[in-house]
Amino acid sequence: MKRFSLISVIILIFMISNASAHSLWINCFESHVHKPGHAMVSLGWGHLLPLDDILNSARETIAIERFELFDPAMNKSALRLPISEVAKPLESTINVDIVAADLATQKISLKENSAPGVYQLGTATVPAFYTQYIDKKGRKRLKMKACDEIEDIGTVLVSVKYQAFSKSFMTLKVWKEPQALGHSLEIIPRTDLSNLHVGDLVVVDVLVNGKPLSSSAKRKEYLTAASTIFGQADKFALFSKIQAGKAQFRVQSPGQWIISLSHKEDVTQDGALKDLYGKTNQVYNAASLTFSVK
């Protein structure tokens with residue numbers, strides 16, 4: 001029953017707007033009190049910035065495949081990954097369960113000779129397959145496997161692959177437009193995120209498999225934006241239609257902001273995702289980007 005509940009939640013994530021779906025994001029809080037500065041970073045999971053739930057919650061668990069730092073020259077450093085095993089209470093009473101939280105919190109310290117520019121933080125979850133099917137004996141079954149890994153599969157009811165990607169930034173002295181990290185679904189800012197103020201216009205590129213994503217007559221693609229004090233607590237968000245791989249909005253409040261989207265693609269024998277043909281019928285990706293407004 002617990003596994004069925006998990007798949008139900010995951011499927012619902014794709015059917016409802018990002019404003020209310022479980023999301024993954026990166027917290028990056030810069031401090032330049034002591035030069036050249038440092039950043040405290042962690043991963044967020046849930047609904048409300050900056051902290052909502054732990055990634056290895058017994059109710060909804062998501063595993064991180066990679067968490068990385070890219071310097072201005074795109075040299076990559078691996079960051080510490082959070083524990084992925086399902087968390088067990090340190091103590092349980094009639095009223096509460098007390099659980100240790102591992103959000104991959106760590107400090108990134110700049111150096112006197114650190115290269116000026118934009119340092120990108122990127123993370124990706126472990127790709128997950130979910131298949132609901134009728135087995136060869138006529139029973140409805142559910143497994144967290146690709147179709148070609150299930151021996152008793154008969155009729156496929158639902159088959160999806162899911163992966164989430166997140167990004168954030170820290171800036172030393174000068175902002176430069178960041179390069180793509182190669183995520184399957186990626187948001188790339190074209191506005192200086194290091195010096196944003198209320199009312200500023202934020203413009204981003206949106207790429208799917210390295211190509212501009214755009215709305216069509218068949219599917220409307222939207223990016224959502226909200227902050228710690230604008231939208232999230234009241235369960236609404238700004239929406240921006242994605243056209244020719246671009247979206248934009250004006251930030252409405254100071255504080256931490258998150259922009260995010262999800263995207264669905266069908267797997268076909270001769271399409272862009274033909275390598276997944278026979279493994280799954282659809283691919284769902286999610287992406288988020290966080291930044292701060294003064």
# chains A, B, ... in the order shown; residues from 1 in each chain; ligands from 1
$ residues_around --residues "region 128-143 of chain A" --least-positions-apart "3" --cutoff "7 Å" --atoms "only C-alpha atoms" --output "MDAnalysis selection string"
chainID A and resid 7 146:147 152:163
$ residues_around --residues "region 78-85 of chain A" --least-positions-apart "6" --cutoff "6 Å" --atoms "only C-alpha atoms" --output "list in words"
Asn56, Ala63, Phe67, Glu68, Asp102, Leu103 and Ala104 of chain A
$ write_last_selection --atoms "all heavy atoms" --output "compact mmCIF listing (two decimals), in the first residue's frame"
# COMPACT_ATOMS: atom_id res chain seq x y z
N ASN A 56 14.61 12.28 2.44
CA ASN A 56 14.42 10.85 2.71
C ASN A 56 13.29 10.61 3.70
O ASN A 56 13.34 9.73 4.54
CB ASN A 56 15.72 10.21 3.20
CG ASN A 56 16.23 10.84 4.49
OD1 ASN A 56 15.92 11.99 4.79
ND2 ASN A 56 17.01 10.09 5.25
N ALA A 63 15.74 10.48 -4.20
CA ALA A 63 17.18 10.22 -4.12
C ALA A 63 17.94 11.15 -5.06
O ALA A 63 17.51 11.39 -6.20
CB ALA A 63 17.47 8.76 -4.46
N PHE A 67 25.16 16.31 -7.06
CA PHE A 67 25.07 17.67 -6.54
C PHE A 67 26.43 18.27 -6.82
O PHE A 67 27.45 17.78 -6.32
CB PHE A 67 24.75 17.64 -5.06
CG PHE A 67 24.41 18.98 -4.45
CD1 PHE A 67 24.09 20.09 -5.23
CD2 PHE A 67 24.40 19.14 -3.06
CE1 PHE A 67 23.78 21.31 -4.66
CE2 PHE A 67 24.09 20.36 -2.49
CZ PHE A 67 23.78 21.44 -3.29
N GLU A 68 26.49 19.34 -7.66
CA GLU A 68 27.77 19.78 -8.21
C GLU A 68 27.92 21.30 -8.17
O GLU A 68 26.93 22.03 -8.21
CB GLU A 68 27.91 19.30 -9.66
CG GLU A 68 27.83 17.79 -9.80
CD GLU A 68 27.59 17.34 -11.23
OE1 GLU A 68 26.77 18.00 -11.92
OE2 GLU A 68 28.21 16.34 -11.65
N ASP A 102 18.94 15.43 6.97
CA ASP A 102 20.14 15.63 6.16
C ASP A 102 19.72 16.29 4.86
O ASP A 102 19.14 15.66 3.99
CB ASP A 102 20.83 14.29 5.89
CG ASP A 102 22.11 14.46 5.08
OD1 ASP A 102 22.46 15.61 4.75
OD2 ASP A 102 22.75 13.44 4.77
N LEU A 103 20.01 17.58 4.75
CA LEU A 103 19.64 18.35 3.57
C LEU A 103 20.86 18.69 2.72
O LEU A 103 20.83 19.63 1.93
CB LEU A 103 18.92 19.64 3.99
CG LEU A 103 17.65 19.44 4.82
CD1 LEU A 103 17.11 20.78 5.29
CD2 LEU A 103 16.61 18.69 4.02
N ALA A 104 21.94 17.91 2.90
CA ALA A 104 23.20 18.15 2.18
C ALA A 104 23.73 19.56 2.46
O ALA A 104 24.31 20.20 1.58
CB ALA A 104 23.02 17.93 0.69
$ closest_atom_pairs --of "region 57-77 of chain A" --to "region 39-50 of chain A" --cutoff "10 Å" --atoms "only C-alpha atoms" --output "JSON lines"
{"residue": "A:Ser57", "atom": "CA", "partner": "A:Trp45", "partner_atom": "CA", "distance": 9.8}
{"residue": "A:Glu60", "atom": "CA", "partner": "A:Gly46", "partner_atom": "CA", "distance": 9.3}
{"residue": "A:Thr61", "atom": "CA", "partner": "A:Trp45", "partner_atom": "CA", "distance": 9.5}
{"residue": "A:Ile62", "atom": "CA", "partner": "A:Trp45", "partner_atom": "CA", "distance": 8.6}
{"residue": "A:Ile64", "atom": "CA", "partner": "A:Leu43", "partner_atom": "CA", "distance": 9.7}
{"residue": "A:Phe67", "atom": "CA", "partner": "A:Leu43", "partner_atom": "CA", "distance": 9.2}
$ residues_around --residues "region 264-277 of chain A" --least-positions-apart "3" --cutoff "10 Å" --atoms "only C-alpha atoms" --output "list in words"
Phe14, Ala146, Cys147, Asp148, Val160, Lys161, Tyr162, Val208, Asn209, Arg219, Glu221, Thr280, Asn281, Gln282, Val283, Tyr284, Asn285 and Ala286 of chain A
$ closest_residue --among "A:Lys241, A:Lys235, A:Arg59, A:His197" --to "Ser216 (chain A)" --atoms "only C-alpha atoms"
A:Lys241
$ residues_around --residues "Lys167 (chain A)" --least-positions-apart "5" --cutoff "9 Å" --atoms "only C-alpha atoms" --output "VMD selection string"
chain A and resid 25 to 26 120 to 123 186 to 188 287 to 290
$ write_last_selection --atoms "all heavy atoms" --output "mmCIF file, in the first residue's frame"
data_model
loop_
_atom_site.group_PDB
_atom_site.id
_atom_site.type_symbol
_atom_site.label_atom_id
_atom_site.label_comp_id
_atom_site.auth_asym_id
_atom_site.auth_seq_id
_atom_site.Cartn_x
_atom_site.Cartn_y
_atom_site.Cartn_z
ATOM 1 N N TRP A 25 14.600 21.927 -4.814
ATOM 2 C CA TRP A 25 15.309 23.169 -5.101
ATOM 3 C C TRP A 25 16.624 23.214 -4.335
ATOM 4 O O TRP A 25 16.891 22.394 -3.459
ATOM 5 C CB TRP A 25 14.456 24.387 -4.751
ATOM 6 C CG TRP A 25 14.132 24.557 -3.293
ATOM 7 C CD1 TRP A 25 14.890 25.184 -2.339
ATOM 8 C CD2 TRP A 25 12.962 24.076 -2.606
ATOM 9 N NE1 TRP A 25 14.270 25.131 -1.115
ATOM 10 C CE2 TRP A 25 13.081 24.456 -1.247
ATOM 11 C CE3 TRP A 25 11.826 23.375 -3.009
ATOM 12 C CZ2 TRP A 25 12.108 24.152 -0.298
ATOM 13 C CZ3 TRP A 25 10.860 23.074 -2.061
ATOM 14 C CH2 TRP A 25 11.009 23.462 -0.731
ATOM 15 N N ILE A 26 17.445 24.197 -4.688
ATOM 16 C CA ILE A 26 18.726 24.425 -4.009
ATOM 17 C C ILE A 26 18.632 25.731 -3.235
ATOM 18 O O ILE A 26 18.249 26.770 -3.795
ATOM 19 C CB ILE A 26 19.890 24.501 -5.009
ATOM 20 C CG1 ILE A 26 20.043 23.165 -5.755
ATOM 21 C CG2 ILE A 26 21.200 24.858 -4.293
ATOM 22 C CD1 ILE A 26 21.098 23.210 -6.861
ATOM 23 N N GLN A 120 28.019 28.126 -10.498
ATOM 24 C CA GLN A 120 26.717 27.473 -10.613
ATOM 25 C C GLN A 120 26.630 26.244 -9.712
ATOM 26 O O GLN A 120 27.576 25.466 -9.604
ATOM 27 C CB GLN A 120 26.473 27.011 -12.054
ATOM 28 C CG GLN A 120 26.401 28.128 -13.073
ATOM 29 C CD GLN A 120 25.835 27.628 -14.402
ATOM 30 O OE1 GLN A 120 24.670 27.245 -14.492
ATOM 31 N NE2 GLN A 120 26.663 27.646 -15.429
ATOM 32 N N LEU A 121 25.473 26.095 -9.103
ATOM 33 C CA LEU A 121 25.153 24.901 -8.334
ATOM 34 C C LEU A 121 24.085 24.131 -9.093
ATOM 35 O O LEU A 121 23.096 24.713 -9.545
ATOM 36 C CB LEU A 121 24.614 25.278 -6.954
ATOM 37 C CG LEU A 121 25.602 25.980 -6.027
ATOM 38 C CD1 LEU A 121 24.871 26.843 -5.027
ATOM 39 C CD2 LEU A 121 26.468 24.958 -5.316
ATOM 40 N N GLY A 122 24.296 22.842 -9.258
ATOM 41 C CA GLY A 122 23.335 22.030 -9.986
ATOM 42 C C GLY A 122 23.130 20.678 -9.332
ATOM 43 O O GLY A 122 24.066 20.104 -8.770
ATOM 44 N N THR A 123 21.910 20.192 -9.383
ATOM 45 C CA THR A 123 21.618 18.875 -8.827
ATOM 46 C C THR A 123 20.642 18.141 -9.727
ATOM 47 O O THR A 123 19.865 18.755 -10.472
ATOM 48 C CB THR A 123 21.050 18.979 -7.401
ATOM 49 O OG1 THR A 123 20.997 17.685 -6.812
ATOM 50 C CG2 THR A 123 19.658 19.576 -7.396
ATOM 51 N N GLU A 186 16.092 22.459 -18.351
ATOM 52 C CA GLU A 186 17.004 23.424 -17.729
ATOM 53 C C GLU A 186 16.506 24.854 -17.896
ATOM 54 O O GLU A 186 16.025 25.233 -18.973
ATOM 55 C CB GLU A 186 18.396 23.283 -18.347
ATOM 56 C CG GLU A 186 19.460 24.131 -17.702
ATOM 57 C CD GLU A 186 20.878 23.716 -18.099
ATOM 58 O OE1 GLU A 186 21.020 22.811 -18.952
ATOM 59 O OE2 GLU A 186 21.826 24.300 -17.543
ATOM 60 N N ILE A 187 16.619 25.631 -16.814
ATOM 61 C CA ILE A 187 16.283 27.045 -16.811
ATOM 62 C C ILE A 187 17.593 27.832 -16.722
ATOM 63 O O ILE A 187 18.372 27.636 -15.785
ATOM 64 C CB ILE A 187 15.372 27.403 -15.624
ATOM 65 C CG1 ILE A 187 14.120 26.520 -15.608
ATOM 66 C CG2 ILE A 187 14.984 28.881 -15.671
ATOM 67 C CD1 ILE A 187 13.322 26.632 -14.316
ATOM 68 N N ILE A 188 17.831 28.718 -17.683
ATOM 69 C CA ILE A 188 19.076 29.484 -17.731
ATOM 70 C C ILE A 188 18.742 30.968 -17.656
ATOM 71 O O ILE A 188 18.067 31.501 -18.538
ATOM 72 C CB ILE A 188 19.863 29.191 -19.020
ATOM 73 C CG1 ILE A 188 20.113 27.693 -19.163
ATOM 74 C CG2 ILE A 188 21.190 29.951 -19.020
ATOM 75 C CD1 ILE A 188 20.754 27.312 -20.477
ATOM 76 N N ALA A 287 12.129 21.052 -13.311
ATOM 77 C CA ALA A 287 13.317 21.901 -13.148
ATOM 78 C C ALA A 287 12.966 23.093 -12.267
ATOM 79 O O ALA A 287 11.835 23.585 -12.289
ATOM 80 C CB ALA A 287 13.828 22.383 -14.502
ATOM 81 N N SER A 288 13.960 23.550 -11.503
ATOM 82 C CA SER A 288 13.761 24.742 -10.673
ATOM 83 C C SER A 288 15.038 25.562 -10.643
ATOM 84 O O SER A 288 16.137 25.049 -10.896
ATOM 85 C CB SER A 288 13.351 24.358 -9.247
ATOM 86 O OG SER A 288 14.435 23.776 -8.542
ATOM 87 N N LEU A 289 14.872 26.835 -10.342
ATOM 88 C CA LEU A 289 15.992 27.768 -10.191
ATOM 89 C C LEU A 289 15.651 28.706 -9.038
ATOM 90 O O LEU A 289 14.544 29.241 -8.986
ATOM 91 C CB LEU A 289 16.214 28.539 -11.490
ATOM 92 C CG LEU A 289 17.395 29.518 -11.567
ATOM 93 C CD1 LEU A 289 17.827 29.682 -13.020
ATOM 94 C CD2 LEU A 289 17.048 30.879 -10.984
ATOM 95 N N THR A 290 16.583 28.900 -8.116
ATOM 96 C CA THR A 290 16.353 29.798 -6.988
ATOM 97 C C THR A 290 17.351 30.948 -6.983
ATOM 98 O O THR A 290 18.478 30.821 -7.468
ATOM 99 C CB THR A 290 16.458 29.035 -5.646
ATOM 100 O OG1 THR A 290 17.683 28.302 -5.620
ATOM 101 C CG2 THR A 290 15.302 28.085 -5.468
#
$ residues_around --residues "Gly37 (chain A)" --least-positions-apart "2" --cutoff "9 Å" --atoms "only C-alpha atoms" --output "PyMOL selection string"
chain A and resi 30-35+39+108-111+172
$ write_last_selection --atoms "N, CA, C and O atoms" --output "mmCIF file, in the first residue's frame"
data_model
loop_
_atom_site.group_PDB
_atom_site.id
_atom_site.type_symbol
_atom_site.label_atom_id
_atom_site.label_comp_id
_atom_site.auth_asym_id
_atom_site.auth_seq_id
_atom_site.Cartn_x
_atom_site.Cartn_y
_atom_site.Cartn_z
ATOM 1 N N GLU A 30 24.355 33.610 0.250
ATOM 2 C CA GLU A 30 25.705 34.169 0.202
ATOM 3 C C GLU A 30 25.967 35.106 1.377
ATOM 4 O O GLU A 30 25.078 35.813 1.838
ATOM 5 N N SER A 31 27.205 35.112 1.827
ATOM 6 C CA SER A 31 27.653 36.054 2.853
ATOM 7 C C SER A 31 28.971 36.664 2.401
ATOM 8 O O SER A 31 29.921 35.944 2.085
ATOM 9 N N HIS A 32 29.010 38.007 2.358
ATOM 10 C CA HIS A 32 30.237 38.708 1.964
ATOM 11 C C HIS A 32 30.699 39.656 3.077
ATOM 12 O O HIS A 32 31.406 40.628 2.812
ATOM 13 N N VAL A 33 30.279 39.358 4.299
ATOM 14 C CA VAL A 33 30.724 40.150 5.444
ATOM 15 C C VAL A 33 32.236 40.044 5.585
ATOM 16 O O VAL A 33 32.938 41.035 5.803
ATOM 17 N N HIS A 34 32.742 38.850 5.484
ATOM 18 C CA HIS A 34 34.189 38.612 5.511
ATOM 19 C C HIS A 34 34.629 38.250 4.097
ATOM 20 O O HIS A 34 34.236 37.214 3.560
ATOM 21 N N LYS A 35 35.414 39.128 3.496
ATOM 22 C CA LYS A 35 35.831 38.941 2.115
ATOM 23 C C LYS A 35 36.806 37.769 1.995
ATOM 24 O O LYS A 35 37.577 37.520 2.909
ATOM 25 N N ALA A 39 29.247 30.836 0.806
ATOM 26 C CA ALA A 39 27.825 30.536 0.651
ATOM 27 C C ALA A 39 27.485 29.302 1.459
ATOM 28 O O ALA A 39 28.252 28.346 1.513
ATOM 29 N N ILE A 108 30.504 26.680 1.137
ATOM 30 C CA ILE A 108 31.420 26.863 0.019
ATOM 31 C C ILE A 108 32.152 28.171 0.243
ATOM 32 O O ILE A 108 31.550 29.253 0.200
ATOM 33 N N SER A 109 33.448 28.084 0.519
ATOM 34 C CA SER A 109 34.244 29.272 0.842
ATOM 35 C C SER A 109 35.078 29.699 -0.363
ATOM 36 O O SER A 109 35.790 28.876 -0.955
ATOM 37 N N LEU A 110 34.951 30.967 -0.725
ATOM 38 C CA LEU A 110 35.791 31.519 -1.780
ATOM 39 C C LEU A 110 37.174 31.837 -1.231
ATOM 40 O O LEU A 110 37.363 31.955 -0.015
ATOM 41 N N LYS A 111 38.139 32.005 -2.132
ATOM 42 C CA LYS A 111 39.519 32.293 -1.737
ATOM 43 C C LYS A 111 39.969 33.635 -2.310
ATOM 44 O O LYS A 111 39.316 34.206 -3.189
ATOM 45 N N LEU A 172 30.846 36.136 -7.640
ATOM 46 C CA LEU A 172 32.007 36.841 -7.106
ATOM 47 C C LEU A 172 32.342 38.021 -8.015
ATOM 48 O O LEU A 172 32.759 37.838 -9.163
#
$ select_by_dssp --residues "region 93-197 of chain A" --states "helix (DSSP H, G or I)" --output "VMD selection string"
chain A and resid 147 to 149 193 to 195
$ residues_around --residues "Phe249 (chain A)" --least-positions-apart "4" --cutoff "9 Å" --atoms "only C-alpha atoms" --output "PyMOL selection string"
chain A and resi 200-203+225+238-240
$ write_last_selection --atoms "N, CA, C and O atoms" --output "short mmCIF file (atom, residue, chain, number, x, y, z; two decimals), in the first residue's frame"
data_model
loop_
_atom_site.label_atom_id
_atom_site.label_comp_id
_atom_site.auth_asym_id
_atom_site.auth_seq_id
_atom_site.Cartn_x
_atom_site.Cartn_y
_atom_site.Cartn_z
N ASP A 200 12.09 44.38 -10.84
CA ASP A 200 12.97 44.06 -11.96
C ASP A 200 12.39 42.93 -12.80
O ASP A 200 11.70 42.03 -12.30
N LEU A 201 12.68 42.98 -14.09
CA LEU A 201 12.25 41.94 -15.02
C LEU A 201 13.30 40.83 -15.06
O LEU A 201 14.49 41.09 -15.25
N VAL A 202 12.86 39.61 -14.88
CA VAL A 202 13.73 38.45 -14.96
C VAL A 202 13.40 37.68 -16.23
O VAL A 202 12.25 37.30 -16.46
N VAL A 203 14.41 37.47 -17.07
CA VAL A 203 14.25 36.76 -18.33
C VAL A 203 15.07 35.47 -18.27
O VAL A 203 16.23 35.49 -17.83
N ALA A 225 6.51 31.21 -10.86
CA ALA A 225 7.44 31.91 -9.97
C ALA A 225 6.73 32.31 -8.70
O ALA A 225 5.59 32.78 -8.72
N LEU A 238 3.07 33.39 -9.90
CA LEU A 238 3.08 34.06 -11.19
C LEU A 238 3.26 33.00 -12.27
O LEU A 238 4.01 32.05 -12.10
N PHE A 239 2.59 33.18 -13.41
CA PHE A 239 2.72 32.26 -14.53
C PHE A 239 3.26 33.03 -15.74
O PHE A 239 2.81 34.14 -16.02
N SER A 240 4.18 32.42 -16.47
CA SER A 240 4.71 33.02 -17.69
C SER A 240 4.71 31.97 -18.80
O SER A 240 5.30 30.90 -18.64
#
$ atom_distance --atom1 "CA of Ala233 (chain A)" --atom2 "CA of Gln248 (chain A)"
22.1 Å
$ atom_distance --atom1 "CA of Val99 (chain A)" --atom2 "CA of Ala58 (chain A)"
10.0 Å
$ closest_residue --among "A:Phe165, A:Tyr222, A:Tyr119, A:Trp257" --to "Leu69 (chain A)" --atoms "only C-alpha atoms"
A:Tyr119
$ select_by_dssp --residues "region 153-249 of chain A" --states "strand (DSSP E)" --output "number ranges by chain"
A: 153-172, 185-189, 201-208, 211-212, 222-227, 238-241, 246-249
$ closest_residue --among "A:Val204, A:Ala124, A:Met74, A:Met170" --to "Ser184 (chain A)" --atoms "only C-alpha atoms"
A:Ala124
$ atom_distance --atom1 "CA of Pro212 (chain A)" --atom2 "CA of Pro178 (chain A)"
16.0 Å
$ residues_around --residues "Gly117 (chain A)" --least-positions-apart "6" --cutoff "6 Å" --atoms "only C-alpha atoms" --output "PDB file with N, CA, C and O atoms, in the first residue's frame"
ATOM      1  N   PRO A  72      33.515  29.587 -12.767  1.00  0.00           N
ATOM      2  CA  PRO A  72      33.287  30.381 -13.992  1.00  0.00           C
ATOM      3  C   PRO A  72      33.859  29.761 -15.256  1.00  0.00           C
ATOM      4  O   PRO A  72      33.367  30.042 -16.350  1.00  0.00           O
ATOM      5  N   THR A 171      27.815  34.554  -6.848  1.00  0.00           N
ATOM      6  CA  THR A 171      28.544  35.450  -7.744  1.00  0.00           C
ATOM      7  C   THR A 171      29.692  36.123  -7.011  1.00  0.00           C
ATOM      8  O   THR A 171      29.518  36.628  -5.893  1.00  0.00           O
ATOM      9  N   LEU A 172      30.846  36.136  -7.640  1.00  0.00           N
ATOM     10  CA  LEU A 172      32.007  36.841  -7.106  1.00  0.00           C
ATOM     11  C   LEU A 172      32.342  38.021  -8.015  1.00  0.00           C
ATOM     12  O   LEU A 172      32.759  37.838  -9.163  1.00  0.00           O
ATOM     13  N   VAL A 174      31.523  39.933 -10.381  1.00  0.00           N
ATOM     14  CA  VAL A 174      30.887  40.289 -11.642  1.00  0.00           C
ATOM     15  C   VAL A 174      29.987  39.151 -12.120  1.00  0.00           C
ATOM     16  O   VAL A 174      30.342  37.976 -12.041  1.00  0.00           O
ATOM     17  N   TRP A 175      28.802  39.529 -12.606  1.00  0.00           N
ATOM     18  CA  TRP A 175      27.872  38.542 -13.163  1.00  0.00           C
ATOM     19  C   TRP A 175      28.160  38.344 -14.649  1.00  0.00           C
ATOM     20  O   TRP A 175      28.365  39.300 -15.390  1.00  0.00           O
TER      21      TRP A 175
END
